[in-house]
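**Student:** Below is the file upload.txt, with compact mmCIF, C-alpha atoms.
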```
# COMPACT_ATOMS: atom_id res chain seq x y z
CA MET A 22 9.81 20.40 -26.77
CA PHE A 23 11.35 17.45 -28.55
CA TRP A 24 10.07 14.97 -25.96
CA LYS A 25 6.59 16.41 -26.09
CA ILE A 26 6.40 15.78 -29.82
CA VAL A 27 7.74 12.25 -29.37
CA LEU A 28 5.14 11.67 -26.67
CA LEU A 29 2.35 13.04 -28.84
CA ILE A 30 3.24 10.76 -31.74
CA TRP A 31 3.79 7.79 -29.41
CA MET A 32 0.42 8.17 -27.67
CA SER A 33 -1.42 8.69 -30.96
CA VAL A 34 0.15 5.57 -32.45
CA VAL A 35 -0.60 3.60 -29.27
CA ILE A 36 -4.25 4.65 -29.23
CA VAL A 37 -4.72 3.73 -32.87
CA ALA A 38 -2.84 0.47 -32.33
CA ILE A 39 -5.06 -0.44 -29.38
CA PHE A 40 -8.09 -0.37 -31.65
CA LEU A 41 -6.48 -2.11 -34.59
CA LEU A 42 -3.65 -4.38 -33.58
CA PRO A 43 -4.73 -6.88 -30.91
CA PRO A 44 -7.46 -9.31 -31.87
CA PRO A 45 -10.65 -9.09 -29.77
CA GLN A 46 -10.67 -11.57 -26.90
CA LEU A 47 -12.89 -14.62 -27.13
CA GLN A 48 -15.42 -14.05 -24.35
CA LEU A 49 -15.26 -10.29 -24.10
CA GLY A 50 -15.05 -9.22 -27.70
CA GLU A 51 -14.21 -5.61 -28.48
CA VAL A 52 -14.66 -4.56 -24.84
CA SER A 53 -11.36 -6.24 -24.01
CA ARG A 54 -9.57 -3.22 -25.46
CA ILE A 55 -10.32 -1.28 -22.28
CA PHE A 56 -7.60 -3.43 -20.74
CA PHE A 57 -4.94 -1.43 -22.62
CA PHE A 58 -6.16 1.80 -21.02
CA HIS A 59 -7.24 0.48 -17.66
CA VAL A 60 -4.08 -1.31 -16.53
CA PRO A 61 -1.66 1.55 -17.42
CA MET A 62 -3.92 4.01 -15.61
CA ALA A 63 -3.96 1.85 -12.50
CA TRP A 64 -0.19 1.48 -12.76
CA VAL A 65 0.29 5.24 -12.98
CA ALA A 66 -2.01 5.73 -9.98
CA VAL A 67 0.18 3.41 -7.91
CA LEU A 68 3.36 5.01 -9.25
CA ALA A 69 2.08 8.43 -8.21
CA PHE A 70 1.29 7.12 -4.75
CA LEU A 71 4.85 5.75 -4.46
CA LEU A 72 6.33 9.06 -5.66
CA SER A 73 4.26 10.99 -3.17
CA PHE A 74 5.57 8.70 -0.41
CA ILE A 75 9.20 9.17 -1.49
CA TYR A 76 8.89 12.96 -1.77
CA SER A 77 7.20 13.09 1.64
CA ILE A 78 10.19 11.34 3.20
CA LEU A 79 12.54 13.69 1.36
CA TYR A 80 10.60 16.69 2.60
CA LEU A 81 10.83 15.57 6.22
CA ARG A 82 14.57 15.00 5.82
CA GLU A 83 15.45 18.19 3.97
CA LYS A 84 12.61 20.54 4.99
CA ASP A 85 12.66 21.97 1.49
CA LEU A 86 9.25 23.02 0.19
CA ILE A 87 10.20 21.89 -3.33
CA TYR A 88 9.78 18.28 -2.20
CA ASP A 89 6.43 19.03 -0.65
CA ASN A 90 5.35 20.64 -3.89
CA ARG A 91 6.30 17.45 -5.72
CA ALA A 92 4.59 15.22 -3.17
CA LYS A 93 1.42 17.28 -3.51
CA THR A 94 1.54 17.24 -7.31
CA ALA A 95 2.12 13.49 -7.37
CA ALA A 96 -0.83 13.00 -5.07
CA ARG A 97 -3.05 15.22 -7.17
CA LEU A 98 -2.18 13.35 -10.36
CA GLY A 99 -2.51 10.09 -8.47
CA LEU A 100 -6.05 11.07 -7.52
CA LEU A 101 -6.86 11.86 -11.16
CA PHE A 102 -5.50 8.54 -12.44
CA THR A 103 -7.12 6.61 -9.61
CA VAL A 104 -10.49 8.05 -10.62
CA LEU A 105 -9.78 7.22 -14.28
CA ALA A 106 -8.70 3.68 -13.43
CA THR A 107 -11.77 3.20 -11.24
CA ILE A 108 -14.15 4.38 -13.96
CA SER A 109 -12.52 2.40 -16.75
CA GLY A 110 -12.33 -0.65 -14.49
CA SER A 111 -15.96 -0.26 -13.56
CA ILE A 112 -17.04 -0.21 -17.20
CA PHE A 113 -14.80 -3.20 -17.85
CA ALA A 114 -16.37 -5.00 -14.88
CA LYS A 115 -19.89 -4.35 -16.16
CA ALA A 116 -18.97 -5.92 -19.48
CA GLY A 117 -16.95 -8.77 -18.06
CA TRP A 118 -18.61 -9.75 -14.80
CA GLY A 119 -22.07 -8.27 -15.17
CA SER A 120 -22.06 -5.49 -12.57
CA PHE A 121 -20.26 -2.20 -12.13
CA TRP A 122 -18.99 -2.88 -8.63
CA ASN A 123 -18.27 -6.17 -6.86
CA TRP A 124 -15.87 -5.39 -3.98
CA ASP A 125 -13.28 -7.53 -5.61
CA PRO A 126 -9.89 -7.15 -3.80
CA ARG A 127 -8.49 -4.80 -6.39
CA GLU A 128 -11.64 -2.74 -6.50
CA THR A 129 -11.40 -2.53 -2.72
CA SER A 130 -7.75 -1.47 -2.84
CA ILE A 131 -8.32 1.23 -5.44
CA PHE A 132 -11.26 2.48 -3.45
CA ILE A 133 -9.06 2.71 -0.35
CA LEU A 134 -6.50 4.59 -2.43
CA LEU A 135 -9.26 7.08 -3.31
CA LEU A 136 -10.11 7.42 0.38
CA ILE A 137 -6.47 8.00 1.27
CA TYR A 138 -6.09 10.72 -1.36
CA GLY A 139 -9.34 12.29 -0.22
CA ALA A 140 -8.18 12.32 3.40
CA TYR A 141 -4.79 13.67 2.33
CA PHE A 142 -6.32 16.68 0.61
CA ALA A 143 -8.84 17.18 3.41
CA LEU A 144 -5.89 17.42 5.79
CA ARG A 145 -4.00 19.80 3.51
CA SER A 146 -6.93 22.17 3.31
CA ALA A 147 -7.41 22.13 7.09
CA VAL A 148 -4.01 23.60 7.97
CA ASP A 149 -3.20 27.28 7.67
CA SER A 150 0.57 27.71 7.50
CA GLU A 151 2.51 26.31 4.58
CA GLU A 152 5.30 24.58 6.52
CA LYS A 153 2.82 23.03 8.89
CA GLU A 154 0.70 21.80 6.00
CA ALA A 155 3.79 20.30 4.38
CA SER A 156 5.05 18.34 7.37
CA LEU A 157 1.65 17.17 8.59
CA SER A 158 0.61 15.92 5.18
CA SER A 159 4.02 14.29 4.68
CA VAL A 160 3.61 12.36 7.91
CA TYR A 161 0.13 11.31 6.84
CA ALA A 162 1.28 10.22 3.37
CA ILE A 163 3.98 8.03 4.93
CA LEU A 164 1.56 6.47 7.42
CA ALA A 165 -0.93 5.79 4.63
CA PHE A 166 1.67 4.18 2.43
CA LEU A 167 2.75 1.85 5.23
CA THR A 168 -0.70 0.27 5.32
CA VAL A 169 -0.46 -0.87 1.70
CA PRO A 170 1.41 -4.13 2.36
CA PHE A 171 -1.22 -5.06 4.93
CA LEU A 172 -3.98 -4.47 2.45
CA VAL A 173 -2.22 -6.69 -0.04
CA PHE A 174 -2.23 -9.52 2.50
CA VAL A 175 -5.46 -8.93 4.34
CA ILE A 176 -7.99 -8.23 1.62
CA PRO A 177 -7.63 -11.43 -0.41
CA ARG A 178 -8.20 -13.39 2.81
CA VAL A 179 -11.71 -12.02 3.13
CA TYR A 180 -12.91 -11.19 -0.38
CA GLN A 181 -12.73 -13.46 -3.38
CA SER A 182 -11.09 -12.16 -6.48
CA LEU A 183 -12.67 -11.89 -9.89
CA HIS A 184 -9.52 -10.54 -11.48
CA PRO A 185 -7.31 -12.94 -13.41
CA ASN A 186 -5.32 -14.98 -10.89
CA ASP A 187 -1.94 -14.17 -12.33
CA SER A 188 -1.03 -10.55 -12.33
CA VAL A 189 0.01 -8.97 -15.58
CA ILE A 190 3.66 -9.12 -14.67
CA SER A 191 3.67 -12.82 -13.91
CA SER A 192 5.37 -15.08 -16.40
CA SER A 193 2.57 -17.53 -17.03
CA LEU A 194 0.26 -14.87 -18.38
CA ARG A 195 2.93 -13.27 -20.44
CA LEU A 196 3.31 -16.55 -22.27
CA GLN A 197 -0.39 -16.52 -23.00
CA MET A 198 -0.23 -13.03 -24.49
CA SER A 199 0.29 -13.02 -28.19
CA PRO A 200 3.10 -10.73 -29.43
CA ALA A 201 0.61 -8.20 -30.83
CA ILE A 202 -1.13 -7.88 -27.46
CA LEU A 203 2.11 -7.77 -25.52
CA ILE A 204 3.68 -5.07 -27.68
CA THR A 205 0.56 -2.89 -27.61
CA PHE A 206 0.28 -3.34 -23.87
CA LEU A 207 3.90 -2.42 -23.14
CA ALA A 208 3.76 0.53 -25.53
CA SER A 209 0.65 1.76 -23.76
CA MET A 210 2.36 1.37 -20.37
CA ILE A 211 5.33 3.40 -21.57
CA GLY A 212 3.05 6.01 -23.15
CA PHE A 213 1.00 6.52 -20.02
CA THR A 214 4.09 6.64 -17.81
CA GLY A 215 5.59 9.27 -20.14
CA LEU A 216 2.35 11.23 -20.03
CA PHE A 217 2.43 11.13 -16.26
CA VAL A 218 6.05 12.30 -16.09
CA TRP A 219 5.30 15.16 -18.48
CA ILE A 220 2.21 16.39 -16.59
CA PHE A 221 4.09 15.97 -13.33
CA LYS A 222 6.98 18.15 -14.46
CA LEU A 223 4.67 20.77 -15.92
CA GLU A 224 2.54 20.90 -12.82
CA THR A 225 5.49 21.18 -10.38
CA ARG A 226 6.90 24.01 -12.50
CA VAL A 227 3.58 25.85 -12.47
CA ASN A 228 3.31 25.42 -8.72
CA ARG A 229 6.84 26.71 -8.18
CA LEU A 230 6.24 29.75 -10.35
CA MET A 231 3.03 30.49 -8.50
CA ASP A 232 4.84 30.28 -5.17
CA GLU A 233 7.58 32.56 -6.43
CA SER A 234 5.14 35.14 -7.75
CA LYS A 235 3.34 35.06 -4.41
CA GLU A 236 6.57 35.85 -2.60
CA GLY A 237 7.78 38.42 -5.11
CA MET B 27 17.02 14.00 38.09
CA GLU B 28 16.56 10.38 37.24
CA ILE B 29 18.83 8.17 35.23
CA LYS B 30 18.63 8.61 31.48
CA SER B 31 17.73 5.06 30.54
CA SER B 32 14.76 4.97 32.87
CA ASN B 33 13.37 8.02 31.10
CA TRP B 34 11.50 5.89 28.61
CA VAL B 35 9.70 4.02 31.35
CA VAL B 36 9.17 6.72 33.93
CA LYS B 37 8.29 9.75 31.81
CA PRO B 38 5.48 8.15 29.78
CA VAL B 39 3.96 6.84 33.02
CA TRP B 40 4.13 10.36 34.46
CA ILE B 41 2.33 11.71 31.45
CA LEU B 42 -0.21 8.91 31.73
CA PHE B 43 -0.86 9.80 35.37
CA LYS B 44 -1.03 13.51 34.61
CA ASP B 45 -3.65 12.83 31.92
CA LEU B 46 -5.57 10.41 34.11
CA LYS B 47 -5.64 12.96 36.87
CA SER B 48 -6.93 15.74 34.65
CA GLU B 49 -9.39 13.31 33.09
CA MET B 50 -10.69 12.42 36.53
CA ARG B 51 -11.45 16.09 37.20
CA ASN B 52 -14.05 16.40 34.45
CA ARG B 53 -14.21 12.95 32.80
CA TYR B 54 -14.76 14.66 29.46
CA ALA B 55 -13.22 12.10 27.13
CA LEU B 56 -14.47 9.13 29.11
CA ASN B 57 -18.05 10.38 29.24
CA THR B 58 -18.09 11.18 25.53
CA ILE B 59 -16.60 7.91 24.41
CA VAL B 60 -18.72 5.67 26.66
CA MET B 61 -21.96 7.50 25.91
CA PHE B 62 -21.22 7.46 22.21
CA ALA B 63 -20.54 3.74 22.31
CA LEU B 64 -23.69 3.13 24.30
CA THR B 65 -25.76 5.13 21.82
CA THR B 66 -24.32 3.31 18.82
CA LEU B 67 -24.80 -0.03 20.49
CA THR B 68 -28.41 0.80 21.36
CA VAL B 69 -29.14 1.85 17.79
CA VAL B 70 -27.62 -1.35 16.47
CA SER B 71 -29.44 -3.49 18.98
CA PHE B 72 -32.80 -1.75 18.44
CA SER B 73 -32.62 -1.95 14.69
CA ILE B 74 -31.92 -5.65 14.83
CA GLY B 75 -34.59 -6.41 17.40
CA GLY B 76 -35.27 -10.10 17.78
CA PHE B 77 -33.41 -11.27 14.70
CA SER B 78 -30.40 -13.45 15.12
CA LEU B 79 -27.56 -12.50 12.79
CA ASN B 80 -24.80 -14.63 11.38
CA SER B 81 -21.38 -14.33 12.93
CA ARG B 82 -19.95 -12.31 10.05
CA ILE B 83 -22.44 -9.47 10.46
CA THR B 84 -22.22 -9.58 14.25
CA SER B 85 -18.45 -9.22 14.24
CA SER B 86 -18.64 -6.37 11.70
CA LEU B 87 -21.13 -4.53 13.91
CA PHE B 88 -18.93 -5.15 16.92
CA TRP B 89 -15.91 -3.50 15.29
CA LEU B 90 -18.05 -0.70 13.89
CA VAL B 91 -19.19 0.22 17.39
CA ILE B 92 -15.61 0.20 18.66
CA PHE B 93 -14.29 2.16 15.67
CA PHE B 94 -16.81 4.99 15.82
CA SER B 95 -16.71 5.26 19.60
CA SER B 96 -12.95 5.56 19.61
CA MET B 97 -13.19 8.21 16.87
CA SER B 98 -15.37 10.27 19.21
CA GLY B 99 -12.92 10.41 22.08
CA LEU B 100 -9.36 9.43 21.25
CA ALA B 101 -8.42 12.75 19.61
CA GLN B 102 -8.96 14.50 22.92
CA VAL B 103 -5.45 13.73 24.27
CA PHE B 104 -3.73 16.18 21.96
CA VAL B 105 -6.60 18.54 21.19
CA LYS B 106 -6.94 19.19 24.93
CA GLU B 107 -3.30 20.25 25.19
CA GLU B 108 -3.68 22.63 22.24
CA GLU B 109 -6.89 24.14 23.53
CA SER B 110 -5.67 24.74 27.07
CA LYS B 111 -2.35 26.05 25.69
CA THR B 112 -0.30 23.58 27.70
CA VAL B 113 1.61 22.24 24.70
CA ASN B 114 4.71 24.33 25.23
CA LEU B 115 5.00 23.35 28.85
CA LEU B 116 4.79 19.71 27.87
CA LYS B 117 7.42 20.27 25.18
CA LEU B 118 9.78 21.67 27.80
CA THR B 119 9.30 18.89 30.30
CA ALA B 120 9.38 15.79 28.12
CA SER B 121 10.98 14.57 24.91
CA PRO B 122 8.65 13.92 21.95
CA GLY B 123 8.98 10.15 22.14
CA THR B 124 7.98 9.96 25.77
CA VAL B 125 5.02 12.28 25.17
CA LEU B 126 3.80 10.00 22.41
CA VAL B 127 4.15 6.85 24.51
CA GLY B 128 2.44 8.53 27.45
CA LYS B 129 -0.49 9.68 25.31
CA LEU B 130 -0.67 6.28 23.71
CA LEU B 131 -0.93 4.62 27.12
CA PHE B 132 -3.67 7.04 28.12
CA ASN B 133 -5.67 6.29 24.99
CA LEU B 134 -5.17 2.59 25.58
CA VAL B 135 -6.54 2.89 29.12
CA LEU B 136 -9.49 4.87 27.78
CA LEU B 137 -10.24 2.29 25.10
CA LEU B 138 -9.94 -0.62 27.54
CA VAL B 139 -12.33 1.06 29.97
CA LEU B 140 -14.73 1.53 27.08
CA GLU B 141 -14.44 -2.12 26.15
CA VAL B 142 -15.07 -3.24 29.73
CA VAL B 143 -18.43 -1.48 29.47
CA ILE B 144 -19.29 -2.26 25.89
CA VAL B 145 -18.22 -5.89 25.41
CA PRO B 146 -20.44 -7.46 28.08
CA LEU B 147 -23.38 -5.33 26.90
CA PHE B 148 -22.77 -6.36 23.32
CA ILE B 149 -22.62 -10.02 24.28
CA ILE B 150 -25.87 -9.77 26.27
CA TRP B 151 -27.87 -7.68 23.81
CA MET B 152 -26.77 -9.45 20.67
CA ASN B 153 -27.14 -12.82 22.37
CA LEU B 154 -23.64 -13.87 21.40
CA SER B 155 -22.21 -17.25 22.12
CA ILE B 156 -18.47 -17.05 21.87
CA LEU B 157 -17.02 -20.46 21.18
CA ASN B 158 -13.42 -19.44 21.55
CA LEU B 159 -12.93 -16.93 24.37
CA PRO B 160 -9.10 -16.79 24.30
CA LEU B 161 -9.11 -16.00 20.58
CA PHE B 162 -11.86 -13.42 21.05
CA PHE B 163 -9.89 -11.56 23.70
CA ALA B 164 -6.56 -11.90 21.89
CA VAL B 165 -8.08 -10.34 18.75
CA LEU B 166 -9.77 -7.64 20.80
CA LEU B 167 -6.59 -6.76 22.70
CA LEU B 168 -4.29 -6.68 19.67
CA GLY B 169 -6.92 -4.81 17.67
CA SER B 170 -7.29 -2.19 20.39
CA LEU B 171 -3.53 -1.81 20.58
CA GLY B 172 -3.31 -1.23 16.82
CA LEU B 173 -6.28 1.13 16.90
CA VAL B 174 -4.64 3.19 19.60
CA CYS B 175 -1.24 3.25 17.84
CA SER B 176 -2.75 4.71 14.65
CA THR B 177 -5.25 7.08 16.20
CA THR B 178 -2.78 8.63 18.63
CA ILE B 179 -0.43 9.89 15.94
CA ILE B 180 -3.37 11.01 13.79
CA ALA B 181 -4.80 12.80 16.84
CA ALA B 182 -1.48 14.64 17.08
CA ILE B 183 -1.74 15.58 13.40
CA ILE B 184 -5.28 16.92 13.61
CA SER B 185 -4.63 18.85 16.83
CA LYS B 186 -2.49 21.14 14.65
CA SER B 187 -5.24 21.75 12.09
CA HIS B 188 -8.16 24.09 12.50
CA ILE B 189 -11.05 21.69 12.00
CA LYS B 190 -10.33 19.28 14.77
CA GLY B 191 -13.63 17.50 15.21
CA ALA B 192 -14.53 15.65 12.06
CA LEU B 193 -11.09 15.08 10.69
CA LEU B 194 -10.05 12.14 12.90
CA ALA B 195 -12.52 9.67 11.39
CA VAL B 196 -11.71 10.81 7.86
CA LEU B 197 -7.95 10.45 8.31
CA SER B 198 -8.06 7.29 10.43
CA PHE B 199 -10.41 5.17 8.38
CA PRO B 200 -8.15 4.35 5.40
CA ILE B 201 -5.24 3.66 7.74
CA LEU B 202 -7.28 1.51 10.10
CA LEU B 203 -8.95 -0.48 7.35
CA PRO B 204 -6.51 -3.42 7.30
CA LEU B 205 -6.79 -3.61 11.08
CA LEU B 206 -10.58 -3.55 10.93
CA ILE B 207 -10.76 -6.24 8.27
CA ALA B 208 -8.36 -8.50 10.18
CA GLY B 209 -10.19 -7.77 13.45
CA ILE B 210 -13.60 -8.57 11.97
CA ASP B 211 -12.27 -11.77 10.45
CA GLY B 212 -10.62 -12.81 13.74
CA THR B 213 -13.73 -12.08 15.78
CA ARG B 214 -15.84 -14.05 13.31
CA LEU B 215 -13.52 -17.03 13.69
CA SER B 216 -13.75 -16.83 17.48
CA LEU B 217 -17.55 -17.00 17.18
CA GLU B 218 -17.50 -19.94 14.82
CA SER B 219 -14.81 -22.36 15.87
CA HIS B 220 -13.11 -23.78 18.94
CA ASP B 221 -9.80 -23.97 17.18
CA PHE B 222 -7.40 -21.26 18.41
CA SER B 223 -4.88 -21.88 15.63
CA ALA B 224 -7.48 -20.88 13.02
CA GLY B 225 -6.96 -17.28 14.13
CA PHE B 226 -3.17 -17.29 13.78
CA GLY B 227 -3.30 -15.55 10.40
CA ASP B 228 -5.37 -12.68 11.69
CA LEU B 229 -3.43 -12.43 14.95
CA GLY B 230 -0.17 -12.29 13.00
CA LEU B 231 -1.53 -9.50 10.83
CA LEU B 232 -2.77 -7.55 13.83
CA GLY B 233 0.54 -8.04 15.64
CA SER B 234 2.65 -6.86 12.73
CA TYR B 235 0.28 -3.93 12.20
CA VAL B 236 0.88 -2.89 15.82
CA VAL B 237 4.66 -3.14 15.42
CA VAL B 238 4.76 -1.21 12.13
CA MET B 239 2.41 1.54 13.28
CA PHE B 240 4.13 1.94 16.64
CA THR B 241 7.58 2.21 15.06
CA ALA B 242 6.37 4.63 12.39
CA SER B 243 4.63 6.76 15.02
CA ILE B 244 7.77 7.01 17.12
CA LEU B 245 9.85 7.95 14.08
CA LEU B 246 7.38 10.48 12.68
CA PHE B 247 6.07 12.04 15.87
CA ASP B 248 8.95 14.52 16.10
CA PHE B 249 7.86 16.23 12.88
CA VAL B 250 4.29 16.63 14.09
CA TRP B 251 5.04 17.63 17.66
CA ASN B 252 7.58 20.35 16.91
CA GLU B 253 5.54 21.89 14.12
```
Write out the structure in this file as structure tokens.

**Tutor:**
Amino acid sequence: MFWKIVLLIWMSVVIVAIFLLPPPQLQLGEVSRIFFFHVPMAWVAVLAFLLSFIYSILYLREKDLIYDNRAKTAARLGLLFTVLATISGSIFAKAGWGSFWNWDPRETSIFILLLIYGAYFALRSAVDSEEKEASLSSVYAILAFLTVPFLVFVIPRVYQSLHPNDSVISSSLRLQMSPAILITFLASMIGFTGLFVWIFKLETRVNRLMDESKEG
Amino acid sequence: MEIKSSNWVVKPVWILFKDLKSEMRNRYALNTIVMFALTTLTVVSFSIGGFSLNSRITSSLFWLVIFFSSMSGLAQVFVKEEESKTVNLLKLTASPGTVLVGKLLFNLVLLLVLEVVIVPLFIIWMNLSILNLPLFFAVLLLGSLGLVCSTTIIAAIISKSHIKGALLAVLSFPILLPLLIAGIDGTRLSLESHDFSAGFGDLGLLGSYVVVMFTASILLFDFVWNE
């Protein structure tokens, strides 16, 4: 309960701060504020994908359906945040680069992430027994995750990037960020990660209770 | 009983021969895959007509034909075993790893036969001039190997589900995408330049893709097979 209230206040403050604190960027103007929503959403989408991968490995090792439940929940939330990141990014792209979709490397990668999640849930719905569903989808999640490093190397070779050259984490860009921008950005990252953790916990608990009530 | 260490060489080859033999009886997978490839290739060739395309589009079309044709036939190796209820017998006679390698070899043979038919036709119909033959074949071979590595394990996954037909393409595409992009890029280079070393980047990617996917398949196959 306590953490929920903290999270509520934190997110409210962050959202207000995003609209007030950082100065509008030179070329983009007010649109640049999407950045503070878009990047954390994309980060959470990737985090969910990683979690789903880890829980899939754990499931195959332990054969405990709790891990499969977590892997599934992480994937479901990952799908949600991937869609959100894609939409917000698309609006951002329209404002910044003139068109909604350009097959820029990161647009390509997030689109592939969408495809992977789609395939993952298509597989889950195509299997009848629960244990079978769990191990087959775990194997698929692991296989899908293993292709990520290849995508990171292969896509930039073929498609040119429109995104800023330095990623957000890199030091050169961090120096360019003014303190107001940096603080808002980090606060937003923490807020969205907290939001994800909270929904994740809630969702796994609901799933577990539903499983238990089915058995009982 | 043979010696244990030779198991990994002998058993997969047995399984390969068993599958080849049963394939020869009805040629189901081979007929499907070759006819599908031929149809796709004809559609592509008709729709282009007399136009000459640039090398980028040609190489994309080339890999598209290979991708969709392999989707039509490569799932058969495991689906066949499920449908004819011979899975349990196979489980008793061979360890999971050897089954996977055997099935992988069979799919590779199938894909190579397909390519023997399709590549010359593609070159003739699309009026291709390949400047760098060694690079072209190196990319094709490594690409096929990677394609087979990924599709075989996914074929095993979908053989356990109840919609077997359409699922292979859906599940394979995101996983094969890096391979397809590298393959298309490598083929394009082989059409454009004489320089073999230009393709090293793509060949390296394809090679490491093969290694990663093969290792992952071997490690994960147990969980799929004994489900």

**Student:** Using all atoms listed in the file and a distance of at most 9 Å, pull out the residues of chain A that contact chain B, as an MDAnalysis selection string.

**Tutor:** chainID A and resid 81 133:134 136:137 139:141 143:149 152:154 156:158 160:161 163:169 171:172 174:176 178:179

**Student:** To one decimal place, how far is atom CA of Ile26 of chain A from atom CA of Ser53 of chain A in Å?

**Tutor:**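 Atom CA of Ser53 of chain A lies 28.9 Å from atom CA of Ile26 of chain A.
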
**Student:** Which of these residues is nearest to Leu147 of chain B, using all atoms listed in the file: B:Ile244, B:Ile41, B:Val35, B:Leu64?

**Tutor:** B:Leu64

**Student:** Could you jot down the atom CA of Met61 of chain B to atom CA of Val142 of chain B separation for me, Å, one decimal place?

**Tutor:**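 Pair atom CA of Met61 of chain B / atom CA of Val142 of chain B returns 13.3 Å.
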
**Student:** Neighbours of Leu100 of chain B within 10 Å (only C-alpha atoms; same-chain residues fewer than 5 positions away dropped), as a PyMOL selection string?

**Tutor:** chain B and resi 55-56+58-59+95+105+129-130+132-134+136-137+173-174+177-178+180-181+194

**Student:** Set the distance at 12 Å and use all atoms listed in the file: which residues neighbour segment 68-74 of chain B once local chain neighbours fewer than 4 positions away are removed? I'd like the list as a PDB file with C-alpha atoms, in the frame of the given file.

**Tutor:**
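Contents of around.pdb, as written:
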```
ATOM      1  CA  MET B  61     -21.960   7.500  25.910  1.00  0.00           C
ATOM      2  CA  PHE B  62     -21.220   7.460  22.210  1.00  0.00           C
ATOM      3  CA  ALA B  63     -20.540   3.740  22.310  1.00  0.00           C
ATOM      4  CA  LEU B  64     -23.690   3.130  24.300  1.00  0.00           C
ATOM      5  CA  SER B  78     -30.400 -13.450  15.120  1.00  0.00           C
ATOM      6  CA  LEU B  79     -27.560 -12.500  12.790  1.00  0.00           C
ATOM      7  CA  ASN B  80     -24.800 -14.630  11.380  1.00  0.00           C
ATOM      8  CA  ILE B  83     -22.440  -9.470  10.460  1.00  0.00           C
ATOM      9  CA  THR B  84     -22.220  -9.580  14.250  1.00  0.00           C
ATOM     10  CA  SER B  86     -18.640  -6.370  11.700  1.00  0.00           C
ATOM     11  CA  LEU B  87     -21.130  -4.530  13.910  1.00  0.00           C
ATOM     12  CA  PHE B  88     -18.930  -5.150  16.920  1.00  0.00           C
ATOM     13  CA  TRP B  89     -15.910  -3.500  15.290  1.00  0.00           C
ATOM     14  CA  LEU B  90     -18.050  -0.700  13.890  1.00  0.00           C
ATOM     15  CA  VAL B  91     -19.190   0.220  17.390  1.00  0.00           C
ATOM     16  CA  ILE B 144     -19.290  -2.260  25.890  1.00  0.00           C
ATOM     17  CA  LEU B 147     -23.380  -5.330  26.900  1.00  0.00           C
ATOM     18  CA  PHE B 148     -22.770  -6.360  23.320  1.00  0.00           C
ATOM     19  CA  ILE B 149     -22.620 -10.020  24.280  1.00  0.00           C
ATOM     20  CA  ILE B 150     -25.870  -9.770  26.270  1.00  0.00           C
ATOM     21  CA  TRP B 151     -27.870  -7.680  23.810  1.00  0.00           C
ATOM     22  CA  MET B 152     -26.770  -9.450  20.670  1.00  0.00           C
ATOM     23  CA  ASN B 153     -27.140 -12.820  22.370  1.00  0.00           C
TER      24      ASN B 153
END
```

**Student:** Which residues come within 7 Å of Val165 of chain B, counting all atoms listed in the file, excluding same-chain residues fewer than 3 positions away, as a PDB file with C-alpha atoms, in the frame of the given file?

**Tutor:**
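New file selection_12.pdb:
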```pdb
ATOM      1  CA  LEU B 161      -9.110 -16.000  20.580  1.00  0.00           C
ATOM      2  CA  PHE B 162     -11.860 -13.420  21.050  1.00  0.00           C
ATOM      3  CA  LEU B 168      -4.290  -6.680  19.670  1.00  0.00           C
ATOM      4  CA  GLY B 169      -6.920  -4.810  17.670  1.00  0.00           C
ATOM      5  CA  GLY B 209     -10.190  -7.770  13.450  1.00  0.00           C
ATOM      6  CA  GLY B 212     -10.620 -12.810  13.740  1.00  0.00           C
ATOM      7  CA  THR B 213     -13.730 -12.080  15.780  1.00  0.00           C
ATOM      8  CA  LEU B 229      -3.430 -12.430  14.950  1.00  0.00           C
TER       9      LEU B 229
END
```

**Student:** Kindly provide, as a ChimeraX atom specification, the polymer residues lying within 10 Å of (0.0, -6.7, -26.8), counting all atoms listed in the file and using the coordinates exactly as they appear in the file.

**Tutor:** /A:38-39,42-44,57,195,198-209

**Student:** Mind pulling up the distance from atom CA of Glu128 of chain A to atom CA of Thr103 of chain A?

**Tutor:** 10.8 Å

**Student:** Using only C-alpha atoms, determine which residues lie at most 8 Å from Ile156 of chain B, disregarding the query and same-chain residues fewer than 5 positions distant; provide the list as JSON, numbers by chain.

**Tutor:** {"B": [162, 216, 217, 218]}

**Student:** Neighbouring residues of segment 84-99 of chain A were defined as those with any atom within 7 Å, considering only C-alpha atoms; residues of the same chain fewer than 3 positions away were excluded. Please report them as an MDAnalysis selection string.

**Tutor:** chainID A and resid 66 69:70 72:73 76:77 79:81 102:103 138 155 221 224:225

**Student:** Missing atoms in segment 238-242 of chain B: can you complete it with N, CA and C atoms, as an mmCIF file, keeping the file's coordinate frame?

**Tutor:**
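Result file is result25.cif:
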```cif
data_model
loop_
_atom_site.group_PDB
_atom_site.id
_atom_site.type_symbol
_atom_site.label_atom_id
_atom_site.label_comp_id
_atom_site.auth_asym_id
_atom_site.auth_seq_id
_atom_site.Cartn_x
_atom_site.Cartn_y
_atom_site.Cartn_z
ATOM 1 N N VAL B 238 4.456 -2.184 13.183
ATOM 2 C CA VAL B 238 4.760 -1.210 12.130
ATOM 3 C C VAL B 238 4.250 0.179 12.512
ATOM 4 N N MET B 239 2.998 0.238 12.980
ATOM 5 C CA MET B 239 2.410 1.540 13.280
ATOM 6 C C MET B 239 3.095 2.199 14.477
ATOM 7 N N PHE B 240 3.454 1.380 15.471
ATOM 8 C CA PHE B 240 4.130 1.940 16.640
ATOM 9 C C PHE B 240 5.489 2.514 16.242
ATOM 10 N N THR B 241 6.256 1.743 15.476
ATOM 11 C CA THR B 241 7.580 2.210 15.060
ATOM 12 C C THR B 241 7.458 3.476 14.210
ATOM 13 N N ALA B 242 6.540 3.449 13.250
ATOM 14 C CA ALA B 242 6.370 4.630 12.390
ATOM 15 C C ALA B 242 5.959 5.844 13.210
#
```
